[in-house]
Amino acid sequence: MPTSRHREKRARRLLGLSIAALSAASMVASTATATYAQSVDLSKWSPEYVKSIAGTKQFDAAKDCGAVVPNDYTGSVSYWYTGPFEADPAIAHEQDKAFWEAFKAAYPNITTDVQSITYNELLDKFRTSLLGNSAPAVIRLQILGGVEFAAKGYLQPLKPEDVGYTAADFWPGALKSVTYEGVSYGLPTNNETMAMIWNAKVFKDAGLDPENPPATWDDVVTYSKTINEKLGIPGYGLVAKQNAGNTPFRFMPQMWAYGGGALDEASAEPGYKDVWINNAGSKAALQAAYQMYAVDKSVPTSALTNTQGENQAPFIAGKLGMMIAHPAEYAKMTDLASKATGADKAAADEVVANMRYGLIPAGPDGKRAVVFGGSNIHVVKPEFVQGGKVDEQAVKALICFWNSPEWSTRLAWVGSNPGNINGFLTDAMKERLDTIKFLDVTTSMLPNGIPFPVIPQAPEIMNIIVPDMLQNALTGNMTVDQAADDAAAKVQAIVDGGGGI
Amino acid sequence: MSTVQGQAIFRDVPEPKRVGLRQKVWNSRFDYLYVAPAIIVMLIVIGYPIYYTIELSFFNTPASLALSAKQFNGLDNYVTILTSPIFWKVTWQTVVWTVVSTFFAFMIGLGAALALHREFAGRGVLRAILLIPWVVSAVAASYVWKWLYHSDFGAISAMLTQVGLVDKPINFIDNTSTSLYALIVVNVWKEFSFAMIMLMAGLQTVPDTLLRAAQVDGASPWQRFWHVTFPHLRGVSMVTLLLLAVQNFNSFIIPWIMTGGGPAGSSDIWITHIYQLAFGRQRWGVASAYAVILFIVMMVLGYFYVRALTKGDDARAAT
């Protein structure tokens, strides 16, 4: 009878063998994918270019992934992700259903154990499952979610070549978001960036150019003040709530544009050691927010307790001039307008008709930046997975299929873009561009995307310290300089492994 | 005869043998067996989490390490908490939140109980209406109040503007000076019904004859309340106040949903701060130490609660 030490040895040997097998398979797979690498020219990226390449190439996920893992492979894989829920549009449900049918058709002998978990529950549920060694083999997490688990040693290294792709098939910024201490721990499934949306009628009534958004963040301050003075409504939809992802997604682009940052994430080669949150650029961004909130009072007073969701109602009612919003915001506004009744309906329809999308404003020296959002797919180490093993081949088949040009586009239909940039060449992308208004604008911001710092402390920095700094300055609890310096001390402390309360 | 026999028997009875603890346990073995399932469940669902929280409070749990790789740091977490000015600011806010909420919920509850104790038409309907805040889900109530208070489009400000009392919306919860008190109003609204129910039950124990006798003796309504009614309510009042204080100390839903402890920490209380440290910042060690401090305070309050409940038992047992 084998002793526990023998069992452990055998498990280690098996693990070693499976890693070796995975590496060998990767090498084989990398040759199978070179066919469509670098067929998208990122240097030409613009709304026109995005439109011009859509629908120019056909892909066959079953065949391409069959070269990585044979289509007759027999195995099983467990998978957690945030799939479509009740509030999501029908098209999202249809694409999700179609994916699982297509995967079953391509790999009839791979059984899947799939759980769709809400965005807010997924991280906590995953953390709990890891402590109980009952995690799924594969998980898709929000872009910032994976680094915590990579740092803690729960994830297996995973790079594009492991599942039949190359690094050139993904956005460089997206690959940064899955790289921790030089090792890649996942693949980007979908990526999106936000844009500036505005109400052209409000702009016109305030005497501003209705067809162009503010070009710089300084213009945002001026426009917001003008709208507020002329029309008596908030000009810019500032959001500064603590512990809400909305806040850093809207404030960090402003900081980066002014030359600031939390750490050095906006630099060409970030090391995530230097604290930038109190540099001149960061303070200028904070001063601009302070000017709008405390001096001009041209943004919602409720910004300190608001999430972006609470800005939607005033926007659709024509009571808010502009805000930074998700690509899916137009669909949401259309949905809100369809639910309005009576006089509200007319007003909402008018707002939808006057809704415009534009690029996020630039900084004083023309620097334009936006948070690189999206999701990544990861593989969990066998010892933390339910049953203690991971079927590497089944895992690879699923990830290859999910990240294929066709499916990474179709699965991101409503609110995002394909993680695999070859998805921009597909018919599905063309159909999206034809049916989703402003999609060309939001996709054109992708090259300006900057991922949040890829360190396990990033959620605390982004969701707690940055909003806290904003609140301290906007409420007058501290001066702009004090708030920035206070935040810098906190960031430095937690990067150094400590931190107060 | 029988008396003599009885005396003889009494004299012959030996001193009762002292029964040891082991013997006592053995004699009651079936009693222990019956309560064993409940005790085991309590040990698992209450005892173990308490033990684990206390254990974690002596460890550093940086975001870059798995919880299993936590680093022992002795009393550092306690020192970090107790030397932080933020802790003392939040403690003061917790005291204000607890004392003011408890006082006003009790006083309004007492007033409502006294009013509803009298017979009048529609008393049942009014009692049901006053119970609504207590019955409504705290989560739902918090969201409703958040919109009532909303600093730009709140219903309260809209009404006040319409009747001309203010010319622009009042900033209730996005203001560091007023946010805590705005939340206390919601908390009092939510809790006063509980005090009302408890005190209405207490009022049933006031003898009608005493009140009538006092009235015949010419006592004013205030004198009847102070000298007859209130002394009978003292026990139930103590229990109600302690229960309200414990409940307020542990309050989470209203401050978390309405302000999340903000703006700039102005409405943070212990529980929201602990939650933020643990789940927002993944700082399990410090959050555990904080929770242990809260646990000790709650135990002290619990001691007084039990004392208030059992007051008089000893005296009754002696008679």
# chains A, B, ... in the order shown; residues from 1 in each chain; ligands from 1

call {"tool": "select_by_dssp", "arguments": {"residues": "stretch 9-159 of chain A", "states": "helix (DSSP H, G or I)", "output": "ChimeraX atom specification"}}
result
/A:9-36,42-44,47-53,61-66,90-106,119-131,146-151

call {"tool": "interface_residues", "arguments": {"of": "chain B", "to": "chain A", "cutoff": "8 Å", "atoms": "only C-alpha atoms", "output": "PDB file with N, CA and C atoms, in the first residue's frame"}}
result
ATOM      1  N   PRO B  62      -0.136  39.802   4.088  1.00  0.00           N
ATOM      2  CA  PRO B  62       0.005  40.698   2.929  1.00  0.00           C
ATOM      3  C   PRO B  62      -0.691  40.147   1.683  1.00  0.00           C
ATOM      4  N   ALA B  63      -1.072  41.082   0.802  1.00  0.00           N
ATOM      5  CA  ALA B  63      -1.839  40.696  -0.393  1.00  0.00           C
ATOM      6  C   ALA B  63      -1.061  39.750  -1.292  1.00  0.00           C
ATOM      7  N   SER B  64       0.272  39.755  -1.172  1.00  0.00           N
ATOM      8  CA  SER B  64       1.071  38.928  -2.071  1.00  0.00           C
ATOM      9  C   SER B  64       1.237  37.495  -1.568  1.00  0.00           C
ATOM     10  N   LEU B  65       0.688  37.177  -0.410  1.00  0.00           N
ATOM     11  CA  LEU B  65       0.850  35.822   0.129  1.00  0.00           C
ATOM     12  C   LEU B  65      -0.501  35.143   0.303  1.00  0.00           C
ATOM     13  N   ALA B  66      -0.490  33.824   0.084  1.00  0.00           N
ATOM     14  CA  ALA B  66      -1.696  33.060   0.359  1.00  0.00           C
ATOM     15  C   ALA B  66      -1.925  33.058   1.870  1.00  0.00           C
ATOM     16  N   THR B  80      -0.864  48.497  15.724  1.00  0.00           N
ATOM     17  CA  THR B  80      -1.209  49.297  14.541  1.00  0.00           C
ATOM     18  C   THR B  80      -2.579  49.945  14.711  1.00  0.00           C
ATOM     19  N   ILE B  81      -3.517  49.151  15.191  1.00  0.00           N
ATOM     20  CA  ILE B  81      -4.890  49.676  15.328  1.00  0.00           C
ATOM     21  C   ILE B  81      -4.954  50.738  16.420  1.00  0.00           C
ATOM     22  N   SER B  84      -3.402  54.123  15.721  1.00  0.00           N
ATOM     23  CA  SER B  84      -3.815  54.850  14.515  1.00  0.00           C
ATOM     24  C   SER B  84      -4.845  55.931  14.871  1.00  0.00           C
ATOM     25  N   ILE B  86      -6.901  57.133  12.898  1.00  0.00           N
ATOM     26  CA  ILE B  86      -8.146  56.773  12.205  1.00  0.00           C
ATOM     27  C   ILE B  86      -9.019  55.910  13.124  1.00  0.00           C
ATOM     28  N   PHE B  87      -8.363  54.991  13.855  1.00  0.00           N
ATOM     29  CA  PHE B  87      -9.119  54.120  14.761  1.00  0.00           C
ATOM     30  C   PHE B  87      -9.873  54.961  15.790  1.00  0.00           C
ATOM     31  N   HIS B 150     -30.871  62.099  -1.539  1.00  0.00           N
ATOM     32  CA  HIS B 150     -29.953  62.343  -2.655  1.00  0.00           C
ATOM     33  C   HIS B 150     -29.593  63.833  -2.770  1.00  0.00           C
ATOM     34  N   SER B 151     -28.310  64.088  -2.901  1.00  0.00           N
ATOM     35  CA  SER B 151     -27.838  65.481  -2.847  1.00  0.00           C
ATOM     36  C   SER B 151     -28.200  66.303  -4.074  1.00  0.00           C
ATOM     37  N   ASP B 152     -28.613  65.655  -5.156  1.00  0.00           N
ATOM     38  CA  ASP B 152     -28.995  66.408  -6.348  1.00  0.00           C
ATOM     39  C   ASP B 152     -30.481  66.296  -6.665  1.00  0.00           C
ATOM     40  N   ASN B 171     -27.369  69.102   1.128  1.00  0.00           N
ATOM     41  CA  ASN B 171     -26.384  68.028   1.016  1.00  0.00           C
ATOM     42  C   ASN B 171     -26.357  67.245   2.330  1.00  0.00           C
ATOM     43  N   ILE B 173     -25.872  63.599   2.716  1.00  0.00           N
ATOM     44  CA  ILE B 173     -24.941  62.472   2.894  1.00  0.00           C
ATOM     45  C   ILE B 173     -23.622  62.613   2.128  1.00  0.00           C
ATOM     46  N   ASP B 174     -23.481  63.660   1.337  1.00  0.00           N
ATOM     47  CA  ASP B 174     -22.192  63.883   0.673  1.00  0.00           C
ATOM     48  C   ASP B 174     -21.422  64.987   1.388  1.00  0.00           C
ATOM     49  N   ASN B 175     -21.667  65.109   2.666  1.00  0.00           N
ATOM     50  CA  ASN B 175     -21.104  66.182   3.462  1.00  0.00           C
ATOM     51  C   ASN B 175     -20.492  65.560   4.715  1.00  0.00           C
ATOM     52  N   THR B 176     -19.218  65.866   4.969  1.00  0.00           N
ATOM     53  CA  THR B 176     -18.552  65.206   6.107  1.00  0.00           C
ATOM     54  C   THR B 176     -19.144  65.632   7.459  1.00  0.00           C
ATOM     55  N   MET B 258     -25.731  53.173   2.417  1.00  0.00           N
ATOM     56  CA  MET B 258     -26.008  54.580   2.128  1.00  0.00           C
ATOM     57  C   MET B 258     -24.752  55.403   1.823  1.00  0.00           C
ATOM     58  N   THR B 259     -23.686  55.156   2.543  1.00  0.00           N
ATOM     59  CA  THR B 259     -22.480  55.975   2.301  1.00  0.00           C
ATOM     60  C   THR B 259     -21.200  55.158   2.173  1.00  0.00           C
ATOM     61  N   GLY B 260     -21.254  53.888   2.543  1.00  0.00           N
ATOM     62  CA  GLY B 260     -20.029  53.077   2.522  1.00  0.00           C
ATOM     63  C   GLY B 260     -18.987  53.593   3.507  1.00  0.00           C
ATOM     64  N   GLY B 262     -18.323  56.727   3.970  1.00  0.00           N
ATOM     65  CA  GLY B 262     -17.813  58.014   3.510  1.00  0.00           C
ATOM     66  C   GLY B 262     -18.791  59.138   3.752  1.00  0.00           C
ATOM     67  N   PRO B 263     -18.580  60.299   3.207  1.00  0.00           N
ATOM     68  CA  PRO B 263     -17.388  60.661   2.447  1.00  0.00           C
ATOM     69  C   PRO B 263     -16.186  60.912   3.361  1.00  0.00           C
ATOM     70  N   ALA B 264     -15.033  60.566   2.864  1.00  0.00           N
ATOM     71  CA  ALA B 264     -13.754  60.728   3.579  1.00  0.00           C
ATOM     72  C   ALA B 264     -13.820  60.120   4.976  1.00  0.00           C
ATOM     73  N   LEU B 277     -11.571  46.736   5.791  1.00  0.00           N
ATOM     74  CA  LEU B 277     -10.211  46.209   5.942  1.00  0.00           C
ATOM     75  C   LEU B 277     -10.122  44.764   5.448  1.00  0.00           C
ATOM     76  N   GLY B 280     -12.470  44.678   1.490  1.00  0.00           N
ATOM     77  CA  GLY B 280     -12.065  45.668   0.497  1.00  0.00           C
ATOM     78  C   GLY B 280     -10.562  45.663   0.292  1.00  0.00           C
ATOM     79  N   ARG B 281      -9.816  45.435   1.404  1.00  0.00           N
ATOM     80  CA  ARG B 281      -8.360  45.571   1.328  1.00  0.00           C
ATOM     81  C   ARG B 281      -7.628  44.260   1.580  1.00  0.00           C
ATOM     82  N   VAL B 286      -5.134  42.374  10.376  1.00  0.00           N
ATOM     83  CA  VAL B 286      -5.524  43.604  11.071  1.00  0.00           C
ATOM     84  C   VAL B 286      -7.033  43.610  11.316  1.00  0.00           C
TER      85      VAL B 286
END

call {"tool": "residues_around", "arguments": {"residues": "A:Asp113", "least_positions_apart": "2", "cutoff": "8 Å", "atoms": "only C-alpha atoms", "output": "PyMOL selection string"}}
result
chain A and resi 76-79+111+115

call {"tool": "write_last_selection", "arguments": {"atoms": "N, CA and C atoms", "output": "mmCIF file, in the first residue's frame"}}
result
data_model
loop_
_atom_site.group_PDB
_atom_site.id
_atom_site.type_symbol
_atom_site.label_atom_id
_atom_site.label_comp_id
_atom_site.auth_asym_id
_atom_site.auth_seq_id
_atom_site.Cartn_x
_atom_site.Cartn_y
_atom_site.Cartn_z
ATOM 1 N N SER A 76 -12.436 16.051 -19.548
ATOM 2 C CA SER A 76 -13.422 16.902 -18.875
ATOM 3 C C SER A 76 -12.755 18.172 -18.369
ATOM 4 N N VAL A 77 -13.571 19.201 -18.224
ATOM 5 C CA VAL A 77 -13.052 20.483 -17.750
ATOM 6 C C VAL A 77 -14.149 21.207 -16.966
ATOM 7 N N SER A 78 -13.730 21.837 -15.856
ATOM 8 C CA SER A 78 -14.679 22.661 -15.096
ATOM 9 C C SER A 78 -14.312 24.122 -15.315
ATOM 10 N N TYR A 79 -15.343 24.981 -15.363
ATOM 11 C CA TYR A 79 -15.111 26.376 -15.765
ATOM 12 C C TYR A 79 -16.078 27.310 -15.053
ATOM 13 N N THR A 111 -16.411 16.598 -21.589
ATOM 14 C CA THR A 111 -17.559 17.002 -20.772
ATOM 15 C C THR A 111 -17.196 18.275 -20.013
ATOM 16 N N GLN A 115 -20.088 26.928 -14.519
ATOM 17 C CA GLN A 115 -20.896 27.753 -13.604
ATOM 18 C C GLN A 115 -20.777 29.211 -14.018
#

call {"tool": "residues_around", "arguments": {"residues": "A:Asn191", "least_positions_apart": "2", "cutoff": "6 Å", "atoms": "only C-alpha atoms", "output": "MDAnalysis selection string"}}
result
chainID A and resid 373:374 416:417 419

call {"tool": "write_last_selection", "arguments": {"atoms": "N, CA and C atoms", "output": "PDB file, in the first residue's frame"}}
result
ATOM      1  N   GLY A 373      -9.613  47.777 -20.028  1.00  0.00           N
ATOM      2  CA  GLY A 373     -10.510  46.880 -19.292  1.00  0.00           C
ATOM      3  C   GLY A 373     -10.697  45.559 -20.005  1.00  0.00           C
ATOM      4  N   GLY A 374     -11.443  44.676 -19.382  1.00  0.00           N
ATOM      5  CA  GLY A 374     -11.735  43.389 -19.996  1.00  0.00           C
ATOM      6  C   GLY A 374     -11.615  42.248 -19.018  1.00  0.00           C
ATOM      7  N   SER A 416     -18.021  44.582 -25.115  1.00  0.00           N
ATOM      8  CA  SER A 416     -16.568  44.553 -25.133  1.00  0.00           C
ATOM      9  C   SER A 416     -16.057  44.296 -26.550  1.00  0.00           C
ATOM     10  N   ASN A 417     -14.831  43.825 -26.643  1.00  0.00           N
ATOM     11  CA  ASN A 417     -14.213  43.531 -27.940  1.00  0.00           C
ATOM     12  C   ASN A 417     -13.395  42.259 -27.813  1.00  0.00           C
ATOM     13  N   GLY A 419     -10.612  39.647 -27.330  1.00  0.00           N
ATOM     14  CA  GLY A 419      -9.254  39.666 -26.786  1.00  0.00           C
ATOM     15  C   GLY A 419      -8.265  39.282 -27.873  1.00  0.00           C
TER      16      GLY A 419
END

call {"tool": "residues_around", "arguments": {"residues": "stretch 171-178 of chain A", "least_positions_apart": "4", "cutoff": "8 Å", "atoms": "only C-alpha atoms", "output": "compact mmCIF listing (two decimals) with C-alpha atoms, in the first residue's frame"}}
result
# COMPACT_ATOMS: atom_id res chain seq x y z
CA ILE A 143 -8.74 42.09 -15.88
CA LEU A 144 -7.38 43.03 -12.45
CA GLY A 146 -5.95 37.35 -11.70
CA VAL A 147 -2.78 38.94 -10.32
CA ALA A 167 1.62 37.13 -28.35
CA SER A 184 2.35 34.95 -18.03
CA TYR A 185 -0.57 33.52 -16.04
CA GLY A 186 -3.48 33.84 -18.45
CA LEU A 187 -4.89 34.96 -21.74
CA PRO A 188 -7.05 38.01 -22.45
CA ASN A 191 -10.89 43.97 -23.91
CA PHE A 372 -7.53 48.94 -20.41
CA ASN A 376 -8.64 37.15 -18.67
CA GLY A 419 -9.25 39.67 -26.79
CA ASN A 420 -7.84 37.95 -29.85
CA ILE A 421 -7.30 40.90 -32.20
CA GLY A 449 -5.38 51.57 -23.01
CA ILE A 450 -3.25 51.29 -19.88
CA PRO A 451 -3.78 48.38 -17.51
CA PHE A 452 -3.92 49.00 -13.79
CA PRO A 453 -0.69 48.02 -11.96
CA VAL A 454 -0.23 44.28 -12.19

call {"tool": "residues_around", "arguments": {"residues": "B:Ser157", "least_positions_apart": "3", "cutoff": "8 Å", "atoms": "only C-alpha atoms", "output": "PyMOL selection string"}}
result
chain B and resi 148-149+151+153-154+160-161+166+168-170

call {"tool": "write_last_selection", "arguments": {"atoms": "N, CA and C atoms", "output": "PDB file, in the first residue's frame"}}
result
ATOM      1  N   LEU B 148     -34.120  59.457  -0.979  1.00  0.00           N
ATOM      2  CA  LEU B 148     -34.791  60.570  -0.312  1.00  0.00           C
ATOM      3  C   LEU B 148     -33.788  61.681   0.002  1.00  0.00           C
ATOM      4  N   TYR B 149     -32.595  61.254   0.425  1.00  0.00           N
ATOM      5  CA  TYR B 149     -31.548  62.201   0.809  1.00  0.00           C
ATOM      6  C   TYR B 149     -30.729  62.716  -0.378  1.00  0.00           C
ATOM      7  N   SER B 151     -28.310  64.088  -2.901  1.00  0.00           N
ATOM      8  CA  SER B 151     -27.838  65.481  -2.847  1.00  0.00           C
ATOM      9  C   SER B 151     -28.200  66.303  -4.074  1.00  0.00           C
ATOM     10  N   PHE B 153     -31.024  65.073  -6.494  1.00  0.00           N
ATOM     11  CA  PHE B 153     -32.408  64.844  -6.916  1.00  0.00           C
ATOM     12  C   PHE B 153     -33.252  64.243  -5.787  1.00  0.00           C
ATOM     13  N   GLY B 154     -32.847  64.454  -4.536  1.00  0.00           N
ATOM     14  CA  GLY B 154     -33.544  63.834  -3.406  1.00  0.00           C
ATOM     15  C   GLY B 154     -34.949  64.369  -3.205  1.00  0.00           C
ATOM     16  N   LEU B 160     -38.836  70.409   0.082  1.00  0.00           N
ATOM     17  CA  LEU B 160     -38.478  71.642   0.792  1.00  0.00           C
ATOM     18  C   LEU B 160     -38.310  72.809  -0.180  1.00  0.00           C
ATOM     19  N   THR B 161     -37.802  72.495  -1.380  1.00  0.00           N
ATOM     20  CA  THR B 161     -37.638  73.537  -2.390  1.00  0.00           C
ATOM     21  C   THR B 161     -39.010  74.017  -2.871  1.00  0.00           C
ATOM     22  N   VAL B 166     -36.081  75.973   1.201  1.00  0.00           N
ATOM     23  CA  VAL B 166     -34.684  76.060   0.759  1.00  0.00           C
ATOM     24  C   VAL B 166     -34.671  76.412  -0.726  1.00  0.00           C
ATOM     25  N   LYS B 168     -31.934  75.500  -2.750  1.00  0.00           N
ATOM     26  CA  LYS B 168     -31.162  74.485  -3.482  1.00  0.00           C
ATOM     27  C   LYS B 168     -31.130  73.206  -2.639  1.00  0.00           C
ATOM     28  N   PRO B 169     -30.875  72.049  -3.276  1.00  0.00           N
ATOM     29  CA  PRO B 169     -30.914  70.788  -2.521  1.00  0.00           C
ATOM     30  C   PRO B 169     -29.956  70.792  -1.324  1.00  0.00           C
ATOM     31  N   ILE B 170     -30.412  70.165  -0.251  1.00  0.00           N
ATOM     32  CA  ILE B 170     -29.557  70.071   0.948  1.00  0.00           C
ATOM     33  C   ILE B 170     -28.620  68.879   0.773  1.00  0.00           C
TER      34      ILE B 170
END

call {"tool": "residues_around", "arguments": {"residues": "A:Arg356", "least_positions_apart": "5", "cutoff": "8 Å", "atoms": "only C-alpha atoms", "output": "PyMOL selection string"}}
result
chain A and resi 197-200+211+438
